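Trainee: What follows is target04.cif, made up of mmCIF, C-alpha atoms:
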data_my_file
loop_
_atom_site.label_atom_id
_atom_site.label_comp_id
_atom_site.auth_asym_id
_atom_site.auth_seq_id
_atom_site.Cartn_x
_atom_site.Cartn_y
_atom_site.Cartn_z
CA MET A 1 -12.01 16.02 -3.90
CA SER A 2 -14.36 13.49 -2.30
CA TRP A 3 -12.99 11.04 0.25
CA ILE A 4 -14.49 8.10 -1.69
CA PRO A 5 -11.90 7.91 -4.53
CA LEU A 6 -9.13 8.40 -1.96
CA ALA A 7 -10.41 5.52 0.15
CA SER A 8 -10.81 3.42 -2.99
CA ARG A 9 -7.21 4.11 -3.96
CA LEU A 10 -5.97 3.13 -0.51
CA GLY A 11 -7.84 -0.18 -0.85
CA LEU A 12 -6.23 -0.80 -4.24
CA GLU A 13 -2.79 0.00 -2.82
CA ILE A 14 -3.24 -2.49 0.02
CA ALA A 15 -4.45 -5.15 -2.43
CA LEU A 16 -1.55 -4.54 -4.81
CA GLY A 17 0.99 -4.58 -1.99
CA TYR A 18 -0.35 -7.91 -0.77
CA LEU A 19 -0.06 -9.50 -4.21
CA VAL A 20 3.42 -8.09 -4.84
CA PHE A 21 4.74 -9.39 -1.53
CA LEU A 22 3.00 -12.72 -2.05
CA ARG A 23 5.01 -12.93 -5.27
CA ILE A 24 8.21 -11.92 -3.46
CA LEU A 25 7.59 -14.65 -0.90
CA GLY A 26 7.25 -17.34 -3.53
CA PRO A 27 6.84 -20.98 -2.49
CA ALA A 28 7.11 -21.42 1.27
CA PRO A 29 6.13 -24.34 3.53
CA VAL A 30 3.24 -22.51 5.20
CA GLY A 31 0.36 -24.50 3.71
CA ARG A 32 -2.32 -23.66 1.17
CA PHE A 33 -4.48 -21.88 3.72
CA PHE A 34 -1.97 -19.04 4.12
CA TYR A 35 -1.87 -18.36 0.38
CA ARG A 36 -5.64 -18.48 0.17
CA LEU A 37 -5.98 -16.18 3.19
CA THR A 38 -3.56 -13.54 1.92
CA GLY A 39 -4.70 -13.78 -1.71
CA GLY A 40 -8.32 -13.58 -0.57
CA THR A 41 -7.51 -10.51 1.53
CA ALA A 42 -6.12 -8.77 -1.55
CA VAL A 43 -9.14 -9.70 -3.66
CA VAL A 44 -11.58 -8.46 -0.98
CA ALA A 45 -9.69 -5.15 -0.61
CA ALA A 46 -9.78 -4.65 -4.38
CA LEU A 47 -13.48 -5.49 -4.58
CA LEU A 48 -14.26 -3.00 -1.81
CA ALA A 49 -12.32 -0.41 -3.80
CA GLY A 50 -14.41 -1.26 -6.84
CA LEU A 51 -17.61 -0.88 -4.83
CA LEU A 52 -16.48 2.57 -3.69
CA ASP A 53 -15.77 3.42 -7.33
CA LEU A 54 -19.33 2.49 -8.26
CA VAL A 55 -20.68 4.66 -5.44
CA GLU A 56 -18.57 7.58 -6.65
CA VAL A 57 -19.80 7.15 -10.24
CA LEU A 58 -23.42 7.06 -9.08
CA GLN A 59 -22.92 10.19 -7.00
CA ARG A 60 -21.32 11.96 -9.95
CA GLY A 61 -24.16 10.90 -12.24
CA GLU A 62 -21.96 10.12 -15.24
CA ALA A 63 -19.28 7.61 -16.22
CA ARG A 64 -15.96 8.44 -17.82
CA THR A 65 -13.53 6.30 -19.83
CA GLY A 66 -11.24 6.04 -16.81
CA ASP A 67 -14.09 4.63 -14.72
CA ALA A 68 -14.66 1.84 -17.23
CA LEU A 69 -10.95 1.00 -17.36
CA ARG A 70 -10.65 0.88 -13.56
CA LEU A 71 -13.68 -1.38 -13.19
CA ALA A 72 -12.52 -3.58 -16.06
CA SER A 73 -9.14 -4.06 -14.41
CA LEU A 74 -10.88 -5.14 -11.20
CA ALA A 75 -13.02 -7.55 -13.20
CA VAL A 76 -9.80 -9.11 -14.49
CA LEU A 77 -8.64 -9.55 -10.90
CA VAL A 78 -11.91 -11.29 -10.03
CA LEU A 79 -11.50 -13.64 -12.99
CA VAL A 80 -7.97 -14.61 -11.97
CA SER A 81 -8.73 -14.77 -8.25
CA GLY A 82 -9.22 -18.52 -8.56
CA LEU A 83 -5.63 -18.82 -9.75
CA VAL A 84 -4.41 -16.52 -6.97
CA LEU A 85 -6.15 -18.65 -4.36
CA SER A 86 -5.07 -21.92 -5.94
CA GLY A 87 -2.80 -24.23 -4.00
CA LYS A 88 -0.79 -25.07 -7.12
CA PRO A 89 2.36 -22.90 -7.40
CA ARG A 90 2.31 -22.56 -11.20
CA ARG A 91 -1.31 -21.43 -11.33
CA ARG A 92 -0.72 -19.13 -8.37
CA ARG A 93 2.23 -17.43 -10.11
CA ARG A 94 0.13 -16.82 -13.21
CA GLY A 95 -2.74 -15.48 -11.17
CA LEU A 96 -0.45 -13.17 -9.20
CA ALA A 97 1.10 -11.78 -12.39
CA ALA A 98 -2.33 -11.07 -13.89
CA GLY A 99 -3.66 -9.60 -10.64
CA ILE A 100 -0.65 -7.31 -10.20
CA ALA A 101 -0.99 -6.11 -13.79
CA ALA A 102 -4.72 -5.44 -13.34
CA LEU A 103 -4.26 -3.45 -10.14
CA GLY A 104 -1.29 -1.58 -11.58
CA LEU A 105 -3.41 -0.58 -14.58
CA SER A 106 -6.18 0.64 -12.29
CA LEU A 107 -3.74 2.82 -10.31
CA ALA A 108 -2.19 4.12 -13.54
CA VAL A 109 -5.59 5.19 -14.87
CA ARG A 110 -6.30 7.03 -11.62
CA ALA A 111 -2.92 8.75 -11.65
CA PHE A 112 -3.25 10.10 -15.18
CA ASP A 113 -6.94 10.99 -14.75
CA GLY A 114 -5.98 13.06 -11.71
CA GLY A 115 -3.49 15.12 -13.70
CA PHE A 116 -0.37 14.10 -11.74
CA GLY A 117 0.72 11.45 -14.23
CA ALA A 118 3.88 9.44 -13.74
CA GLY A 119 4.75 11.13 -10.44
CA GLN A 120 1.42 10.17 -8.90
CA LEU A 121 1.76 6.63 -10.21
CA ALA A 122 5.25 6.26 -8.74
CA ALA A 123 3.99 7.50 -5.36
CA ASP A 124 0.99 5.16 -5.50
CA LEU A 125 3.11 2.12 -6.35
CA ALA A 126 5.55 2.90 -3.53
CA GLY A 127 2.61 3.47 -1.20
CA ALA A 128 1.15 0.11 -2.24
CA ALA A 129 4.40 -1.67 -1.44
CA VAL A 130 4.56 0.01 1.97
CA ALA A 131 0.88 -0.27 3.00
CA GLY A 132 0.30 -3.79 1.72
CA GLY A 133 3.81 -5.05 2.34
CA SER A 134 3.95 -4.10 6.01
CA CYS A 135 0.67 -5.87 6.74
CA PHE A 136 1.71 -8.91 4.71
CA ALA A 137 5.02 -9.13 6.57
CA MET A 138 3.23 -8.95 9.91
CA VAL A 139 0.77 -11.69 8.92
CA PHE A 140 3.55 -13.91 7.57
CA GLY A 141 5.55 -13.42 10.77
CA HIS A 142 2.79 -15.20 12.66
CA GLY A 143 3.55 -18.28 10.58
CA TYR A 144 6.65 -18.85 12.71
CA LEU A 145 4.38 -19.38 15.72
CA THR A 146 2.63 -22.30 14.03
CA VAL A 147 5.47 -23.62 11.84
CA PRO A 148 8.54 -23.57 14.13
CA ARG A 149 10.88 -25.00 11.45
CA LEU A 150 9.89 -22.43 8.85
CA PRO A 151 13.16 -21.15 7.27
CA LEU A 152 14.05 -17.67 8.48
CA GLU A 153 15.21 -16.56 5.03
CA HIS A 154 11.61 -16.06 3.88
CA LEU A 155 10.84 -13.36 6.45
CA GLN A 156 14.29 -11.83 5.98
CA ARG A 157 13.65 -11.46 2.25
CA ILE A 158 10.29 -9.82 2.91
CA GLN A 159 11.83 -7.48 5.49
CA ARG A 160 14.55 -6.34 3.08
CA ALA A 161 12.00 -5.68 0.33
CA LEU A 162 9.81 -3.73 2.76
CA GLU A 163 12.75 -1.61 3.88
CA ILE A 164 13.61 -0.75 0.27
CA ALA A 165 9.96 0.21 -0.31
CA LEU A 166 10.00 2.46 2.77
CA ILE A 167 13.16 4.23 1.62
CA LEU A 168 11.68 4.76 -1.85
CA ARG A 169 8.38 5.99 -0.44
CA THR A 170 10.14 8.43 1.90
CA GLY A 171 12.33 9.80 -0.90
CA LEU A 172 9.41 10.33 -3.27
CA SER A 173 7.28 11.96 -0.57
CA LEU A 174 10.03 14.41 0.37
CA LEU A 175 10.61 15.17 -3.31
CA PHE A 176 6.95 16.01 -3.92
CA LEU A 177 6.81 18.06 -0.72
CA GLY A 178 9.76 20.11 -1.95
CA LEU A 179 8.16 20.62 -5.37
CA ALA A 180 4.87 21.73 -3.79
CA TRP A 181 6.41 23.82 -1.02
CA GLU A 182 5.17 27.12 -2.47
CA ALA A 183 1.60 25.81 -2.43
CA VAL A 184 2.06 24.51 1.10
CA ARG A 185 3.38 27.89 2.26
CA ALA A 186 0.59 29.84 0.52
CA PRO A 187 -1.59 32.02 2.80
CA ASP A 188 -4.81 30.45 4.00
CA ALA A 189 -8.31 31.99 3.81
CA TRP A 190 -7.43 34.33 6.70
CA GLY A 191 -4.18 35.49 5.13
CA ARG A 192 -1.97 33.50 7.50
CA PRO A 193 1.13 32.03 5.80
CA GLY A 194 2.06 28.38 5.96
CA PRO A 195 0.00 25.30 6.64
CA GLY A 196 -1.02 26.41 10.13
CA MET A 197 -0.80 24.48 13.36
CA ALA A 198 -3.05 21.64 12.13
CA GLY A 199 -1.07 21.36 8.90
CA TRP A 200 2.26 21.20 10.69
CA LEU A 201 0.84 18.55 13.00
CA ASP A 202 -0.39 16.52 10.03
CA LEU A 203 2.99 16.80 8.33
CA GLY A 204 4.77 15.82 11.53
CA VAL A 205 2.64 12.71 11.99
CA ARG A 206 2.84 11.83 8.30
CA TYR A 207 6.64 11.86 8.25
CA GLY A 208 7.48 11.08 11.86
CA ALA A 209 4.98 8.29 12.53
CA GLY A 210 4.26 7.28 8.93
CA LEU A 211 7.75 7.08 7.43
CA PHE A 212 10.70 7.74 9.73
CA LEU A 213 9.48 5.59 12.62
CA PRO A 214 8.61 2.66 10.31
CA LEU A 215 12.12 2.89 8.86
CA LEU A 216 13.53 2.60 12.37
CA LEU A 217 11.17 -0.28 13.13
CA SER A 218 12.28 -2.01 9.94
CA ARG A 219 15.88 -1.86 11.10
CA MET A 220 14.83 -3.23 14.48
CA THR A 221 13.02 -6.08 12.71
CA GLY A 222 16.16 -6.93 10.78
CA SER A 223 18.18 -6.95 14.00
CA SER A 224 15.66 -9.27 15.69
CA LEU A 225 15.81 -11.66 12.76
CA ARG A 226 19.60 -11.80 12.92
CA TYR A 227 19.16 -13.17 16.44
CA ARG A 228 16.39 -15.50 15.16
CA ASN A 229 13.86 -13.81 17.43
CA THR A 230 10.78 -14.09 15.24
CA GLN A 231 8.29 -13.25 18.01
CA SER A 232 9.89 -9.85 18.62
CA ALA A 233 10.12 -9.26 14.88
CA THR A 234 6.41 -9.99 14.44
CA GLY A 235 5.50 -7.62 17.28
CA ILE A 236 7.61 -4.86 15.72
CA LEU A 237 5.98 -5.47 12.33
CA TYR A 238 2.56 -5.16 13.98
CA ALA A 239 3.48 -1.70 15.32
CA MET A 240 4.97 -0.77 11.95
CA THR A 241 1.76 -1.68 10.12
CA ILE A 242 -0.29 0.62 12.35
CA MET A 243 2.17 3.49 11.85
CA VAL A 244 2.31 2.99 8.08
CA TRP A 245 -1.46 2.94 7.67
CA ILE A 246 -1.81 6.12 9.73
CA GLY A 247 0.84 7.76 7.57
CA GLU A 248 -0.72 6.66 4.28
CA ALA A 249 -4.19 7.83 5.35
CA LEU A 250 -2.71 11.23 6.28
CA ALA A 251 -0.88 11.33 2.94
CA LEU A 252 -4.21 11.02 1.14
CA HIS A 253 -5.70 13.77 3.33
CA LEU A 254 -2.77 16.11 2.63
CA GLU A 255 -2.92 15.31 -1.08
CA ARG A 256 -6.54 16.44 -1.13
CA GLN A 257 -5.61 19.59 0.79
CA TRP A 258 -2.50 20.66 -1.17
CA GLY A 259 -2.95 18.90 -4.50
CA THR A 260 0.27 16.90 -4.43
CA PRO A 261 1.06 13.25 -3.62
CA LEU A 262 2.77 12.93 -0.26
#
Take the structure in this file and express it as C-alpha cells.
Mentor:
Amino acid sequence: MSWIPLASRLGLEIALGYLVFLRILGPAPVGRFFYRLTGGTAVVAALLAGLLDLVEVLQRGEARTGDALRLASLAVLVLVSGLVLSGKPRRRRRGLAAGIAALGLSLAVRAFDGGFGAGQLAADLAGAAVAGGSCFAMVFGHGYLTVPRLPLEHLQRIQRALEIALILRTGLSLLFLGLAWEAVRAPDAWGRPGPGMAGWLDLGVRYGAGLFLPLLLSRMTGSSLRYRNTQSATGILYAMTIMVWIGEALALHLERQWGTPL
C-alpha cells in the first residue's frame, strides 16, 4: 500500500477531530478569530488530504467509485467552510454538522474500500478524535494566556472528551492487535518468527508513547486543571499532541505492514 492514501487519511482524521472538538467546545468567549483559525485549520487539512487523493488517482491511472465519493465529500466541506468559519453561532453549528458528516462519509468510504469495514471505520473515528482532539485542546489551552477570565469549564470539558477518546482508541487498538496476532507472529522472509526487533520497537513506541503515555498525560492535565493551573495543563497537552501524532503515524505504518488497523 502506498504511503499517499495513508497520509491522506491522517489528514482527514486531524480535520475531523478538529471539527468534532470545535462542536464539543460550543460557544466560548474566545473571539471569532479562534473559531476561524481552528475551523480554517480543519478545512486546510482536509483539502491537503483531497490533493493527496488526486495524486494517488493520477498515479493509479484510473478512478473508482470510492474516489468520486471521497472527493465529493470534501467538496461539501469546502462549500460549508464559510459557515464553519462564520462568527455567528447558529451558522457555525450548521457548518460543523455538515463538515463532520462529510468527513465521516469520506472515512467510511475508505474503510469499506479497504476491506476492513466497520472495524476500520471505528478505529479511524477514534483516531480522528485523538489526533485532532489533542491538538485542538492544546491550541485552546493557549486561550487562557490571552483571556485570563475564560471559564475553566470549557477546557475541562475538552479534556474529559479527549480522555474518553484515548481510552476508546487504546481499547480498539489492543482488540485489533489481538485479532491479528497470528499475522503479526508469522515468520518473515528469512523464516524468523515474530515481528522482529524493528517490529517490537514500533509496537512499543506505538503503545507506550502513542497511547499509554498520552493517557497518563491526560490524567495529569485533569489534575492541573483542578488546581486551576492552565499554563501547566497547556504544556502537558503540547507534549501529549506530539506523542499522539507519533503514535498515529506509527499505527498507519503498522497497518500497512500487517494489514490491520492499530
Trainee: Select, from A:Leu162, A:Val184, A:Leu155, A:Leu48, the residue with the minimum atom-to-atom distance to Gly132 in chain A, counting only C-alpha atoms.
Mentor: A:Leu162
Trainee: Rounded to one decimal, what separation in Å do you get between CA of Val30 in chain A and CA of Gln231 in chain A?
Mentor: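 Interatomic distance, CA of Val30 in chain A to CA of Gln231 in chain A: 16.6 Å.
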Trainee: Kindly resolve the PyMOL selection byres ((chain A and resi 6-17) around 10) on the present coordinates and return the residues as a PDB file with C-alpha atoms, keeping the file's coordinate frame.
Mentor:
ATOM      1  CA  MET A   1     -12.010  16.020  -3.900  1.00  0.00           C
ATOM      2  CA  SER A   2     -14.360  13.490  -2.300  1.00  0.00           C
ATOM      3  CA  TRP A   3     -12.990  11.040   0.250  1.00  0.00           C
ATOM      4  CA  ILE A   4     -14.490   8.100  -1.690  1.00  0.00           C
ATOM      5  CA  PRO A   5     -11.900   7.910  -4.530  1.00  0.00           C
ATOM      6  CA  TYR A  18      -0.350  -7.910  -0.770  1.00  0.00           C
ATOM      7  CA  LEU A  19      -0.060  -9.500  -4.210  1.00  0.00           C
ATOM      8  CA  VAL A  20       3.420  -8.090  -4.840  1.00  0.00           C
ATOM      9  CA  PHE A  21       4.740  -9.390  -1.530  1.00  0.00           C
ATOM     10  CA  LEU A  22       3.000 -12.720  -2.050  1.00  0.00           C
ATOM     11  CA  ARG A  23       5.010 -12.930  -5.270  1.00  0.00           C
ATOM     12  CA  THR A  38      -3.560 -13.540   1.920  1.00  0.00           C
ATOM     13  CA  GLY A  39      -4.700 -13.780  -1.710  1.00  0.00           C
ATOM     14  CA  GLY A  40      -8.320 -13.580  -0.570  1.00  0.00           C
ATOM     15  CA  THR A  41      -7.510 -10.510   1.530  1.00  0.00           C
ATOM     16  CA  ALA A  42      -6.120  -8.770  -1.550  1.00  0.00           C
ATOM     17  CA  VAL A  43      -9.140  -9.700  -3.660  1.00  0.00           C
ATOM     18  CA  VAL A  44     -11.580  -8.460  -0.980  1.00  0.00           C
ATOM     19  CA  ALA A  45      -9.690  -5.150  -0.610  1.00  0.00           C
ATOM     20  CA  ALA A  46      -9.780  -4.650  -4.380  1.00  0.00           C
ATOM     21  CA  LEU A  47     -13.480  -5.490  -4.580  1.00  0.00           C
ATOM     22  CA  LEU A  48     -14.260  -3.000  -1.810  1.00  0.00           C
ATOM     23  CA  ALA A  49     -12.320  -0.410  -3.800  1.00  0.00           C
ATOM     24  CA  GLY A  50     -14.410  -1.260  -6.840  1.00  0.00           C
ATOM     25  CA  LEU A  51     -17.610  -0.880  -4.830  1.00  0.00           C
ATOM     26  CA  LEU A  52     -16.480   2.570  -3.690  1.00  0.00           C
ATOM     27  CA  ASP A  53     -15.770   3.420  -7.330  1.00  0.00           C
ATOM     28  CA  GLU A  56     -18.570   7.580  -6.650  1.00  0.00           C
ATOM     29  CA  LEU A  74     -10.880  -5.140 -11.200  1.00  0.00           C
ATOM     30  CA  LEU A  96      -0.450 -13.170  -9.200  1.00  0.00           C
ATOM     31  CA  GLY A  99      -3.660  -9.600 -10.640  1.00  0.00           C
ATOM     32  CA  ILE A 100      -0.650  -7.310 -10.200  1.00  0.00           C
ATOM     33  CA  ALA A 101      -0.990  -6.110 -13.790  1.00  0.00           C
ATOM     34  CA  ALA A 102      -4.720  -5.440 -13.340  1.00  0.00           C
ATOM     35  CA  LEU A 103      -4.260  -3.450 -10.140  1.00  0.00           C
ATOM     36  CA  GLY A 104      -1.290  -1.580 -11.580  1.00  0.00           C
ATOM     37  CA  SER A 106      -6.180   0.640 -12.290  1.00  0.00           C
ATOM     38  CA  LEU A 107      -3.740   2.820 -10.310  1.00  0.00           C
ATOM     39  CA  ARG A 110      -6.300   7.030 -11.620  1.00  0.00           C
ATOM     40  CA  ALA A 111      -2.920   8.750 -11.650  1.00  0.00           C
ATOM     41  CA  ASP A 124       0.990   5.160  -5.500  1.00  0.00           C
ATOM     42  CA  LEU A 125       3.110   2.120  -6.350  1.00  0.00           C
ATOM     43  CA  ALA A 126       5.550   2.900  -3.530  1.00  0.00           C
ATOM     44  CA  GLY A 127       2.610   3.470  -1.200  1.00  0.00           C
ATOM     45  CA  ALA A 128       1.150   0.110  -2.240  1.00  0.00           C
ATOM     46  CA  ALA A 129       4.400  -1.670  -1.440  1.00  0.00           C
ATOM     47  CA  VAL A 130       4.560   0.010   1.970  1.00  0.00           C
ATOM     48  CA  ALA A 131       0.880  -0.270   3.000  1.00  0.00           C
ATOM     49  CA  GLY A 132       0.300  -3.790   1.720  1.00  0.00           C
ATOM     50  CA  GLY A 133       3.810  -5.050   2.340  1.00  0.00           C
ATOM     51  CA  SER A 134       3.950  -4.100   6.010  1.00  0.00           C
ATOM     52  CA  CYS A 135       0.670  -5.870   6.740  1.00  0.00           C
ATOM     53  CA  PHE A 136       1.710  -8.910   4.710  1.00  0.00           C
ATOM     54  CA  TRP A 245      -1.460   2.940   7.670  1.00  0.00           C
ATOM     55  CA  GLU A 248      -0.720   6.660   4.280  1.00  0.00           C
ATOM     56  CA  ALA A 249      -4.190   7.830   5.350  1.00  0.00           C
ATOM     57  CA  LEU A 252      -4.210  11.020   1.140  1.00  0.00           C
ATOM     58  CA  HIS A 253      -5.700  13.770   3.330  1.00  0.00           C
ATOM     59  CA  GLU A 255      -2.920  15.310  -1.080  1.00  0.00           C
ATOM     60  CA  ARG A 256      -6.540  16.440  -1.130  1.00  0.00           C
TER      61      ARG A 256
END
Trainee: Starting from the displayed file, determine the output of the PyMOL selection byres ((chain A and resi 207) around 10) and express the residue list as a list of chain:residue names.
Mentor: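 On the file shown, the PyMOL selection byres ((chain A and resi 207) around 10) covers A:Thr170, A:Ser173, A:Leu174, A:Asp202, A:Leu203, A:Gly204, A:Val205, A:Arg206, A:Gly208, A:Ala209, A:Gly210, A:Leu211, A:Phe212, A:Leu213, A:Pro214, A:Val244, A:Gly247, A:Glu248, A:Leu250, A:Ala251, A:Leu262.
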Trainee: Under the rule that all atoms listed in the file are counted, which of A:Ala165, A:Met243, A:Ala123, A:Leu152 is the nearest residue to Phe140 in chain A?
Mentor: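 So, comparing all the options, the nearest one is A:Leu152.
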Trainee: Mind giving me the straight-line distance from CA of Leu168 in chain A to CA of Leu217 in chain A in Å, one decimal?
Mentor: 15.8 Å
Trainee: Rounded to one decimal in Å, what is the spacing between CA of Ser218 in chain A and CA of Tyr144 in chain A?
Mentor: 18.0 Å
Trainee: Got a sec to resolve the PyMOL selection byres ((chain A and resi 159) around 8) on this structure and send the residues as a ChimeraX atom specification?
Mentor: /A:137,155-158,160-163,218,221-222
Trainee: Tell me which of A:Trp181, A:Ile246, A:Ile164, A:Pro89 sits closest to Arg32 in chain A, counting all atoms listed in the file.
Mentor: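 For Arg32 in chain A, the nearest of the candidates is A:Pro89.
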Trainee: Calculated over only C-alpha atoms, which of the candidates A:Gly171, A:Ala108, A:Leu177, A:Leu145 has the smallest distance to Gly259 in chain A?
Mentor: A:Leu177
Trainee: Go through A:Ile236, A:Met220, A:Leu121, A:Leu215 and flag the residue nearest Thr260 in chain A, using all atoms listed in the file for the distances.
Mentor: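 Closest candidate: A:Leu121.
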Trainee: My structure is short of atoms at range 122-133 of chain A; please model N, CA and C atoms there, returning them as a CSV table (one decimal), in the frame of the given file.
Mentor:
chain,number,residue,atom,x,y,z
A,122,ALA,N,4.1,6.7,-9.5
A,122,ALA,CA,5.2,6.3,-8.7
A,122,ALA,C,5.0,6.3,-7.2
A,123,ALA,N,4.3,7.4,-6.8
A,123,ALA,CA,4.0,7.5,-5.4
A,123,ALA,C,3.0,6.4,-5.0
A,124,ASP,N,2.0,6.2,-5.8
A,124,ASP,CA,1.0,5.2,-5.5
A,124,ASP,C,1.6,3.8,-5.4
A,125,LEU,N,2.5,3.5,-6.4
A,125,LEU,CA,3.1,2.1,-6.4
A,125,LEU,C,4.0,1.9,-5.1
A,126,ALA,N,4.7,3.0,-4.8
A,126,ALA,CA,5.6,2.9,-3.5
A,126,ALA,C,4.7,2.8,-2.3
A,127,GLY,N,3.6,3.6,-2.3
A,127,GLY,CA,2.6,3.5,-1.2
A,127,GLY,C,2.0,2.1,-1.1
A,128,ALA,N,1.7,1.5,-2.2
A,128,ALA,CA,1.2,0.1,-2.2
A,128,ALA,C,2.1,-0.9,-1.6
A,129,ALA,N,3.4,-0.8,-2.0
A,129,ALA,CA,4.4,-1.7,-1.4
A,129,ALA,C,4.5,-1.5,0.1
A,130,VAL,N,4.4,-0.3,0.5
A,130,VAL,CA,4.6,0.0,2.0
A,130,VAL,C,3.3,-0.4,2.7
A,131,ALA,N,2.1,0.0,2.3
A,131,ALA,CA,0.9,-0.3,3.0
A,131,ALA,C,0.5,-1.8,3.0
A,132,GLY,N,0.6,-2.4,1.8
A,132,GLY,CA,0.3,-3.8,1.7
A,132,GLY,C,1.4,-4.7,2.2
A,133,GLY,N,2.7,-4.2,2.0
A,133,GLY,CA,3.8,-5.0,2.3
A,133,GLY,C,4.0,-5.2,3.8
